[in-house]
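Asks: File name model16.txt; file contents compact mmCIF, C-alpha atoms; full text below.
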```txt
# COMPACT_ATOMS: atom_id res chain seq x y z
CA MET A 1 0.00 0.00 0.00
CA THR A 2 1.34 3.43 -0.95
CA THR A 3 1.56 5.79 2.00
CA ILE A 4 0.84 9.43 1.14
CA ALA A 5 1.62 12.41 3.36
CA PHE A 6 -0.86 15.09 2.33
CA VAL A 7 0.13 18.63 3.30
CA GLY A 8 -2.62 21.26 3.05
CA LEU A 9 -6.23 20.26 3.60
CA GLY A 10 -8.08 23.37 2.46
CA ILE A 11 -11.07 23.61 0.14
CA MET A 12 -9.33 21.44 -2.45
CA GLY A 13 -6.88 19.39 -0.41
CA GLN A 14 -9.42 18.07 2.07
CA PRO A 15 -11.71 16.30 -0.44
CA MET A 16 -8.70 15.13 -2.46
CA SER A 17 -7.16 13.50 0.61
CA VAL A 18 -10.44 11.76 1.41
CA ARG A 19 -10.75 10.47 -2.15
CA LEU A 20 -7.22 9.06 -2.00
CA GLN A 21 -7.97 7.29 1.28
CA GLU A 22 -11.18 5.87 -0.17
CA ALA A 23 -9.24 4.64 -3.21
CA GLY A 24 -7.10 2.43 -0.96
CA PHE A 25 -4.08 4.61 -0.23
CA ASP A 26 -2.82 5.11 3.32
CA VAL A 27 -3.12 8.88 3.75
CA CYS A 28 -1.72 10.94 6.60
CA GLY A 29 -2.85 14.57 6.58
CA VAL A 30 -1.31 17.66 8.11
CA ASN A 31 -2.79 21.16 8.13
CA LEU A 32 -2.22 24.47 9.93
CA THR A 33 -5.77 24.19 11.33
CA PRO A 34 -5.92 20.59 12.59
CA GLU A 35 -9.73 20.37 12.48
CA ARG A 36 -9.52 20.29 8.68
CA VAL A 37 -8.02 16.79 8.95
CA GLN A 38 -11.12 15.30 10.59
CA PRO A 39 -12.95 14.25 7.37
CA LEU A 40 -9.82 12.34 6.35
CA VAL A 41 -9.69 10.63 9.75
CA ASP A 42 -13.40 9.79 9.46
CA ALA A 43 -12.61 8.13 6.12
CA GLY A 44 -9.95 5.95 7.75
CA GLY A 45 -6.91 8.15 7.26
CA ARG A 46 -4.51 9.53 9.83
CA SER A 47 -3.64 12.94 11.25
CA ALA A 48 -0.16 14.32 11.91
CA GLY A 49 0.81 17.27 14.06
CA SER A 50 3.74 18.31 11.87
CA ILE A 51 5.31 17.75 8.48
CA ALA A 52 8.06 15.73 10.14
CA GLU A 53 5.47 13.39 11.69
CA ALA A 54 3.59 13.07 8.39
CA MET A 55 6.81 12.09 6.58
CA ASP A 56 7.26 8.98 8.72
CA GLY A 57 6.88 6.04 6.36
CA ALA A 58 5.61 8.17 3.46
CA ASP A 59 6.36 7.00 -0.09
CA VAL A 60 4.68 10.04 -1.65
CA VAL A 61 4.20 13.62 -0.46
CA ALA A 62 1.22 15.54 -1.85
CA VAL A 63 1.11 19.30 -1.38
CA MET A 64 -1.92 21.57 -1.85
CA VAL A 65 -1.31 25.04 -0.44
CA PRO A 66 -2.27 28.53 -1.69
CA ASP A 67 0.81 30.22 -3.16
CA SER A 68 4.48 30.03 -4.15
CA PRO A 69 5.88 31.12 -0.75
CA ASP A 70 3.71 28.48 0.95
CA VAL A 71 5.09 25.70 -1.25
CA GLU A 72 8.64 26.95 -0.68
CA GLU A 73 8.06 26.89 3.07
CA VAL A 74 6.48 23.42 3.05
CA LEU A 75 9.23 21.91 0.92
CA ALA A 76 12.43 23.85 1.61
CA GLY A 77 11.65 25.63 4.90
CA GLU A 78 12.84 24.65 8.34
CA GLY A 79 11.16 21.42 9.38
CA GLY A 80 9.90 20.92 5.82
CA VAL A 81 9.68 18.02 3.41
CA PHE A 82 13.25 18.27 2.13
CA GLU A 83 14.49 18.00 5.68
CA HIS A 84 12.45 14.96 6.71
CA ALA A 85 11.48 12.90 3.65
CA GLU A 86 13.35 9.73 2.76
CA PRO A 87 15.59 9.74 -0.34
CA GLY A 88 13.67 8.68 -3.43
CA THR A 89 10.37 10.09 -2.15
CA LEU A 90 8.04 11.29 -4.89
CA ILE A 91 6.72 14.81 -4.27
CA ILE A 92 3.53 15.85 -6.06
CA ASP A 93 2.70 19.53 -5.83
CA PHE A 94 -0.99 20.03 -6.62
CA SER A 95 -0.75 23.77 -5.79
CA SER A 96 -0.97 26.51 -8.43
CA ILE A 97 2.23 28.54 -8.26
CA ARG A 98 4.78 30.34 -10.43
CA PRO A 99 6.43 28.09 -13.05
CA ASP A 100 9.89 29.46 -12.26
CA VAL A 101 9.47 28.66 -8.57
CA THR A 102 8.42 25.13 -9.48
CA ALA A 103 11.47 24.65 -11.70
CA THR A 104 13.79 25.86 -8.92
CA LEU A 105 12.18 23.60 -6.30
CA ALA A 106 12.30 20.62 -8.65
CA GLU A 107 16.04 21.15 -9.14
CA GLN A 108 16.55 21.41 -5.38
CA ALA A 109 14.55 18.22 -4.94
CA ARG A 110 16.73 16.37 -7.45
CA GLU A 111 19.89 17.55 -5.71
CA LYS A 112 18.56 16.13 -2.44
CA GLY A 113 17.61 12.79 -3.94
CA PHE A 114 13.88 13.39 -4.33
CA ARG A 115 11.61 13.35 -7.38
CA MET A 116 9.05 16.06 -8.01
CA LEU A 117 6.01 16.57 -10.21
CA ASP A 118 4.06 19.80 -10.54
CA ALA A 119 0.42 18.79 -10.93
CA PRO A 120 -1.92 21.78 -10.58
CA VAL A 121 -5.60 20.98 -10.91
CA SER A 122 -8.72 22.56 -12.37
CA GLY A 123 -12.32 21.87 -11.47
CA GLY A 124 -12.80 23.64 -8.16
CA GLU A 125 -14.22 22.18 -4.98
CA ALA A 126 -16.95 20.30 -6.84
CA GLY A 127 -14.37 18.65 -9.07
CA ALA A 128 -12.32 17.63 -6.05
CA GLN A 129 -15.34 16.20 -4.25
CA ASP A 130 -16.44 14.24 -7.32
CA ALA A 131 -12.87 13.18 -8.25
CA VAL A 132 -13.21 14.61 -11.77
CA LEU A 133 -10.41 17.17 -11.69
CA SER A 134 -8.33 18.06 -14.72
CA ILE A 135 -4.68 17.59 -13.82
CA MET A 136 -1.84 19.05 -15.87
CA VAL A 137 1.46 17.45 -14.92
CA GLY A 138 5.05 18.59 -15.40
CA GLY A 139 8.11 16.48 -14.64
CA GLU A 140 9.76 13.23 -15.68
CA ALA A 141 7.62 10.80 -17.68
CA ALA A 142 8.64 7.86 -15.47
CA ASP A 143 7.54 9.71 -12.33
CA PHE A 144 4.26 10.60 -14.01
CA ALA A 145 3.65 6.94 -14.85
CA GLU A 146 4.36 5.94 -11.25
CA ALA A 147 1.99 8.60 -9.92
CA ARG A 148 -0.82 7.78 -12.35
CA PRO A 149 -2.88 5.70 -9.86
CA ILE A 150 -2.84 8.69 -7.47
CA PHE A 151 -4.00 11.04 -10.21
CA ASP A 152 -6.68 8.58 -11.30
CA ALA A 153 -8.11 8.59 -7.76
CA VAL A 154 -8.78 12.34 -7.82
CA GLY A 155 -9.02 13.30 -11.48
CA LYS A 156 -10.66 12.54 -14.79
CA THR A 157 -8.58 14.38 -17.40
CA ILE A 158 -4.91 13.72 -16.62
CA VAL A 159 -2.20 14.80 -19.05
CA HIS A 160 1.59 14.90 -18.86
CA VAL A 161 2.35 18.25 -20.48
CA GLY A 162 6.15 18.44 -20.27
CA THR A 163 9.11 19.00 -17.99
CA SER A 164 9.13 20.63 -14.55
CA GLY A 165 7.13 23.86 -14.59
CA ALA A 166 5.07 22.92 -17.64
CA GLY A 167 2.13 21.93 -15.49
CA GLN A 168 2.13 25.33 -13.84
CA THR A 169 2.36 27.08 -17.21
CA VAL A 170 -0.67 25.18 -18.51
CA LYS A 171 -2.55 25.96 -15.28
CA ALA A 172 -1.79 29.66 -15.76
CA ALA A 173 -3.33 29.45 -19.24
CA ASN A 174 -6.33 27.66 -17.74
CA GLN A 175 -6.85 30.44 -15.21
CA LEU A 176 -6.66 33.04 -17.96
CA VAL A 177 -9.40 31.29 -19.93
CA VAL A 178 -11.59 30.78 -16.85
CA ALA A 179 -11.27 34.39 -15.65
CA VAL A 180 -12.22 35.87 -19.01
CA ASN A 181 -15.06 33.36 -19.39
CA ILE A 182 -16.53 34.19 -15.98
CA GLN A 183 -16.26 37.91 -16.65
CA VAL A 184 -18.03 37.65 -20.01
CA LEU A 185 -20.75 35.45 -18.52
CA ALA A 186 -21.29 38.03 -15.76
CA GLU A 187 -21.56 40.83 -18.33
CA ALA A 188 -24.04 38.82 -20.39
CA LEU A 189 -26.23 38.18 -17.34
CA VAL A 190 -26.34 41.83 -16.30
CA PHE A 191 -27.13 42.76 -19.91
CA LEU A 192 -30.02 40.26 -20.01
CA GLU A 193 -31.39 41.47 -16.69
CA ALA A 194 -31.39 45.07 -17.92
CA TYR A 195 -33.94 44.02 -20.54
CA ASP A 196 -36.06 41.98 -18.11
CA VAL A 197 -35.36 38.77 -19.98
CA ASP A 198 -36.14 35.44 -18.30
CA THR A 199 -32.52 34.86 -17.32
CA GLU A 200 -32.88 31.17 -16.43
CA ALA A 201 -34.36 30.48 -19.85
CA ALA A 202 -31.72 32.62 -21.54
CA ILE A 203 -28.84 30.86 -19.78
CA GLU A 204 -30.35 27.48 -20.69
CA VAL A 205 -30.41 28.26 -24.39
CA LEU A 206 -26.99 29.91 -24.32
CA GLY A 207 -25.61 26.79 -22.67
CA GLY A 208 -26.89 24.64 -25.52
CA GLY A 209 -25.15 26.63 -28.24
CA LEU A 210 -21.67 27.80 -29.07
CA ALA A 211 -21.70 30.08 -26.03
CA GLY A 212 -21.99 27.04 -23.76
CA SER A 213 -19.03 26.16 -21.56
CA THR A 214 -18.06 24.31 -18.41
CA VAL A 215 -17.81 27.70 -16.72
CA LEU A 216 -21.43 28.47 -17.63
CA GLU A 217 -22.64 25.09 -16.36
CA GLN A 218 -20.74 25.28 -13.08
CA LYS A 219 -21.27 28.96 -12.29
CA LYS A 220 -24.78 29.74 -13.57
CA ALA A 221 -26.45 28.76 -10.29
CA ASN A 222 -24.09 31.02 -8.31
CA MET A 223 -24.80 33.97 -10.56
CA LEU A 224 -28.53 33.49 -10.94
CA GLY A 225 -28.98 33.01 -7.20
CA ARG A 226 -26.33 35.55 -6.14
CA SER A 227 -24.83 32.81 -3.97
CA PHE A 228 -21.08 33.13 -3.82
CA GLU A 229 -19.93 30.56 -1.27
CA PRO A 230 -16.34 29.92 -2.34
CA GLY A 231 -15.56 26.96 -4.52
CA PHE A 232 -12.55 28.93 -5.72
CA ARG A 233 -11.94 32.28 -4.07
CA ILE A 234 -11.32 35.54 -5.90
CA ASP A 235 -8.22 35.97 -3.70
CA LEU A 236 -6.69 32.85 -5.25
CA HIS A 237 -7.72 33.72 -8.80
CA HIS A 238 -6.20 37.16 -8.29
CA LYS A 239 -2.95 35.42 -7.36
CA ASP A 240 -3.17 33.25 -10.47
CA MET A 241 -3.79 36.22 -12.75
CA GLY A 242 -0.64 37.77 -11.31
CA ILE A 243 1.22 34.64 -12.38
CA VAL A 244 -0.28 34.85 -15.88
CA THR A 245 0.50 38.52 -16.46
CA SER A 246 4.01 38.25 -15.03
CA ALA A 247 4.90 35.17 -17.08
CA ALA A 248 3.44 36.76 -20.22
CA ARG A 249 5.55 39.86 -19.72
CA GLU A 250 8.69 37.73 -19.29
CA ALA A 251 7.90 35.87 -22.51
CA GLY A 252 7.11 39.06 -24.43
CA VAL A 253 3.51 37.94 -25.00
CA VAL A 254 0.66 40.46 -25.06
CA LEU A 255 -2.58 39.39 -23.33
CA PRO A 256 -5.05 42.29 -23.67
CA LEU A 257 -8.09 40.50 -22.26
CA GLY A 258 -5.95 38.83 -19.63
CA ALA A 259 -4.71 42.20 -18.42
CA ILE A 260 -8.26 43.54 -18.16
CA ALA A 261 -9.46 40.41 -16.36
CA ALA A 262 -6.57 40.73 -13.92
CA GLN A 263 -7.53 44.33 -13.15
CA LEU A 264 -11.19 43.42 -12.68
CA MET A 265 -10.16 40.62 -10.31
CA ALA A 266 -8.05 43.13 -8.37
CA ALA A 267 -10.99 45.54 -8.25
CA ALA A 268 -13.21 42.80 -6.81
CA ARG A 269 -10.69 42.25 -4.01
CA ALA A 270 -10.42 45.99 -3.36
CA ASN A 271 -14.19 46.07 -2.93
CA GLY A 272 -14.10 43.34 -0.31
CA ASP A 273 -15.04 40.35 -2.47
CA GLY A 274 -11.76 38.46 -2.16
CA GLY A 275 -13.22 35.73 0.03
CA LEU A 276 -16.11 35.03 -2.35
CA ASP A 277 -16.24 32.55 -5.22
CA HIS A 278 -14.77 33.91 -8.44
CA SER A 279 -18.27 33.92 -9.94
CA ALA A 280 -18.71 37.03 -7.75
CA LEU A 281 -17.04 38.96 -10.58
CA LEU A 282 -20.72 39.50 -11.36
CA ARG A 283 -20.82 41.95 -8.46
CA GLY A 284 -18.15 44.04 -10.17
CA VAL A 285 -20.21 44.28 -13.36
CA GLU A 286 -23.21 45.32 -11.26
CA ARG A 287 -21.16 48.01 -9.52
CA LEU A 288 -19.89 49.39 -12.82
CA SER A 289 -23.46 49.38 -14.17
CA GLY A 290 -24.95 51.07 -11.11
CA ARG A 291 -27.01 47.99 -10.37
CA THR A 292 -25.60 46.93 -7.02
CA THR A 293 -27.91 44.97 -4.76
CA ASP A 294 -25.91 45.40 -1.51
```
How would this structure read if it were set down as C-alpha cells?
Replies:
Amino acid sequence: MTTIAFVGLGIMGQPMSVRLQEAGFDVCGVNLTPERVQPLVDAGGRSAGSIAEAMDGADVVAVMVPDSPDVEEVLAGEGGVFEHAEPGTLIIDFSSIRPDVTATLAEQAREKGFRMLDAPVSGGEAGAQDAVLSIMVGGEAADFAEARPIFDAVGKTIVHVGTSGAGQTVKAANQLVVAVNIQVLAEALVFLEAYDVDTEAAIEVLGGGLAGSTVLEQKKANMLGRSFEPGFRIDLHHKDMGIVTSAAREAGVVLPLGAIAAQLMAAARANGDGGLDHSALLRGVERLSGRTTD
C-alpha cells in the first residue's frame, strides 16, 4: 500500500485527501488548522501534528497550499519536506504557483535525492469532491507513470504536459481562460437582466449553443442566485492572474483580455469580495453598471 503524506487540507486538499484514502491509499494529513483533517480521519486516514510526523513512512508527499511562498516553506523551509522525507520520495505539488518557482524547487529536490512533479488541478471544490479534476502534470515521464494511480483517484482528465514547470504554465493558461469566461458570462447576465429577460431560460439556451461552456454550467447557479460561497476564491484567482500577467511579460507575450481580467479581479478584491467565489465577478459588473444589490 502506498503511504501518502498530504500537506494542506483546504477547500481542495481536504476532499482530495479523502478520495485518496477511499481509493485504498494510506493517507496521513497535516494542516495548519488541525480540524480540517477530521474528514480524512473519518474516512480511515490519519492525522499528523507536523510535516516531520507526516513524513514517517511516506512514499509520496502531496502538497496543496495557496501560493508560491507556501510551497517553498512546506518543501524547503525549516522542518519541511526536504528535511524529513526519505531519499527517493516522490513529491507531487498540486498547488498553483509560479512556473519558475516550481522549476527551482524541482532542481533542489533532485539535488537532495527526491523526485518532483508539478500537478496543478482545475475543477474547483466540486471537481475535487467528485474526483473529476483536470490535472496538468510537469516532470519526468517515469515519475508521471508511477503517480498515475494517485491522479486517477482524484481526477478525470490527466495529461503529462512536459518538464518541470510545464504543469504550472498550462494551469496559468487555464486560469486566464476561466477568468475571461466568468467575466463575459457576468456581463451577459447583467445585460439580459437590464432588458427583463427570463434569465434562467436565456442561460439554458446559451448553454446549448456555441456560447456554452463548463464555466457556464458550473457557475450559472451562483450567478442566478447571487450565492457566492467559495468553490474557488477571488483571492486565489487574483494570485493566479498575477502569475499569468508576469509570465506573459517575461515571454514578451501580449494578453489584452488577460490584463483587463486581472484588473477586474483586483478591483473585486479591493471592494471586499476576495473571500467570495470567483463567480462574484458578477458583483463588479453590477457596480460598474450602477445595479448593485448590496
Asks: Can you work out which one of A:Met136, A:Ala131, A:Leu176, A:Ile234 has the shortest atom-to-atom distance to Gly272 (chain A), counting all atoms listed in the file?
Replies: A:Ile234
Asks: So what do you get for CA of Val132 (chain A) versus CA of Pro120 (chain A), distance-wise?
Replies: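 Pair CA of Val132 (chain A) / CA of Pro120 (chain A) returns 13.4 Å.
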Asks: Do you have the CA of Leu117 (chain A)-CA of Asp93 (chain A) distance handy?
Replies: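 Distance reported for this atom pair: 6.2 Å.
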Asks: Which neighbours of His238 (chain A) fall inside 12 Å, counting all atoms listed in the file, when residues of the same chain fewer than 5 positions from it are skipped, and could you give them as a PyMOL selection string?
Replies: chain A and resi 66-67+96+172+175-176+178-179+232-233+243-245+258-270+273-278+281
Asks: Edge lengths and centre in Å to one decimal, as AutoDock Vina command-line options, of the axis-aligned box that encloses all listed atoms of region 148-166 of chain A with 5 Å added on every side?
Replies:
```
--center_x -0.8 --center_y 14.8 --center_z -14.0 --size_x 29.8 --size_y 28.2 --size_z 23.0
```
Asks: Point out the residue among A:Ala54, A:Ala202, A:Gln14, A:Glu22 with the least atom-to-atom distance to Arg36 (chain A), counting all atoms listed in the file.
Replies: A:Gln14
Asks: May I ask which of the residues A:Met12, A:Val41, A:Val63, A:Val190 is the closest one to Arg291 (chain A), counting all atoms listed in the file?
Replies: A:Val190
Asks: Can you tell me how far CA of Asp42 (chain A) sits from CA of Leu133 (chain A), in Å to one decimal?
Replies: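 Pair CA of Asp42 (chain A) / CA of Leu133 (chain A) returns 22.6 Å.
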Asks: Enumerate, in order of chain and increasing residue number, the residues of region 79-131 of chain A with an atom no farther than 9 Å from region 137-150 of chain A, each with its shortest atom pair and distance in Å to one decimal, counting only C-alpha atoms, as CSV.
Replies:
```
residue,atom,partner,partner_atom,distance
A:Leu90,CA,A:Asp143,CA,7.6
A:Ile92,CA,A:Ala147,CA,8.4
A:Ala106,CA,A:Gly139,CA,8.4
A:Arg115,CA,A:Asp143,CA,7.4
A:Met116,CA,A:Gly139,CA,6.7
A:Leu117,CA,A:Gly139,CA,4.9
A:Asp118,CA,A:Gly138,CA,5.1
A:Ala119,CA,A:Val137,CA,4.3
A:Pro120,CA,A:Val137,CA,7.0
A:Val121,CA,A:Val137,CA,8.9
```
Asks: Hey, what's within 12 Å of Gly44 (chain A) if we count only C-alpha atoms and toss same-chain stuff fewer than 6 positions away? As a list in words, please?
Replies: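 Result of the neighbour search: Ser17, Val18, Arg19, Leu20, Gln21, Glu22, Ala23, Gly24, Phe25, Asp26, Val27, Cys28, Gly29, Val37 and Gln38 of chain A.
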Asks: Complete the atoms of region 24-40 of chain A to N, CA and C atoms and put them out as a compact mmCIF listing (two decimals), in the coordinates of the input.
Replies:
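In the end it all went to out-v1.txt:
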```
# COMPACT_ATOMS: atom_id res chain seq x y z
N GLY A 24 -7.95 3.50 -1.46
CA GLY A 24 -7.10 2.43 -0.96
C GLY A 24 -5.70 2.84 -0.57
N PHE A 25 -5.38 4.12 -0.69
CA PHE A 25 -4.08 4.61 -0.23
C PHE A 25 -4.12 4.84 1.28
N ASP A 26 -2.96 4.79 1.90
CA ASP A 26 -2.82 5.11 3.32
C ASP A 26 -2.42 6.57 3.41
N VAL A 27 -3.34 7.44 3.81
CA VAL A 27 -3.12 8.88 3.75
C VAL A 27 -2.99 9.45 5.16
N CYS A 28 -1.93 10.23 5.35
CA CYS A 28 -1.72 10.94 6.60
C CYS A 28 -1.74 12.43 6.30
N GLY A 29 -2.68 13.16 6.89
CA GLY A 29 -2.85 14.57 6.58
C GLY A 29 -2.27 15.48 7.63
N VAL A 30 -1.80 16.64 7.19
CA VAL A 30 -1.31 17.66 8.11
C VAL A 30 -1.77 19.02 7.59
N ASN A 31 -2.25 19.86 8.51
CA ASN A 31 -2.79 21.16 8.13
C ASN A 31 -2.57 22.15 9.26
N LEU A 32 -2.44 23.44 8.91
CA LEU A 32 -2.22 24.47 9.93
C LEU A 32 -3.37 24.50 10.93
N THR A 33 -4.61 24.30 10.43
CA THR A 33 -5.77 24.19 11.33
C THR A 33 -6.14 22.72 11.40
N PRO A 34 -5.79 22.05 12.50
CA PRO A 34 -5.92 20.59 12.59
C PRO A 34 -7.33 20.07 12.36
N GLU A 35 -8.37 20.87 12.65
CA GLU A 35 -9.73 20.37 12.48
C GLU A 35 -10.06 20.03 11.03
N ARG A 36 -9.29 20.60 10.09
CA ARG A 36 -9.52 20.29 8.68
C ARG A 36 -9.17 18.85 8.34
N VAL A 37 -8.43 18.18 9.21
CA VAL A 37 -8.02 16.79 8.95
C VAL A 37 -9.13 15.80 9.30
N GLN A 38 -10.13 16.23 10.05
CA GLN A 38 -11.12 15.30 10.59
C GLN A 38 -11.85 14.48 9.52
N PRO A 39 -12.30 15.08 8.39
CA PRO A 39 -12.95 14.25 7.37
C PRO A 39 -12.05 13.13 6.85
N LEU A 40 -10.76 13.38 6.76
CA LEU A 40 -9.82 12.34 6.35
C LEU A 40 -9.77 11.23 7.40
```
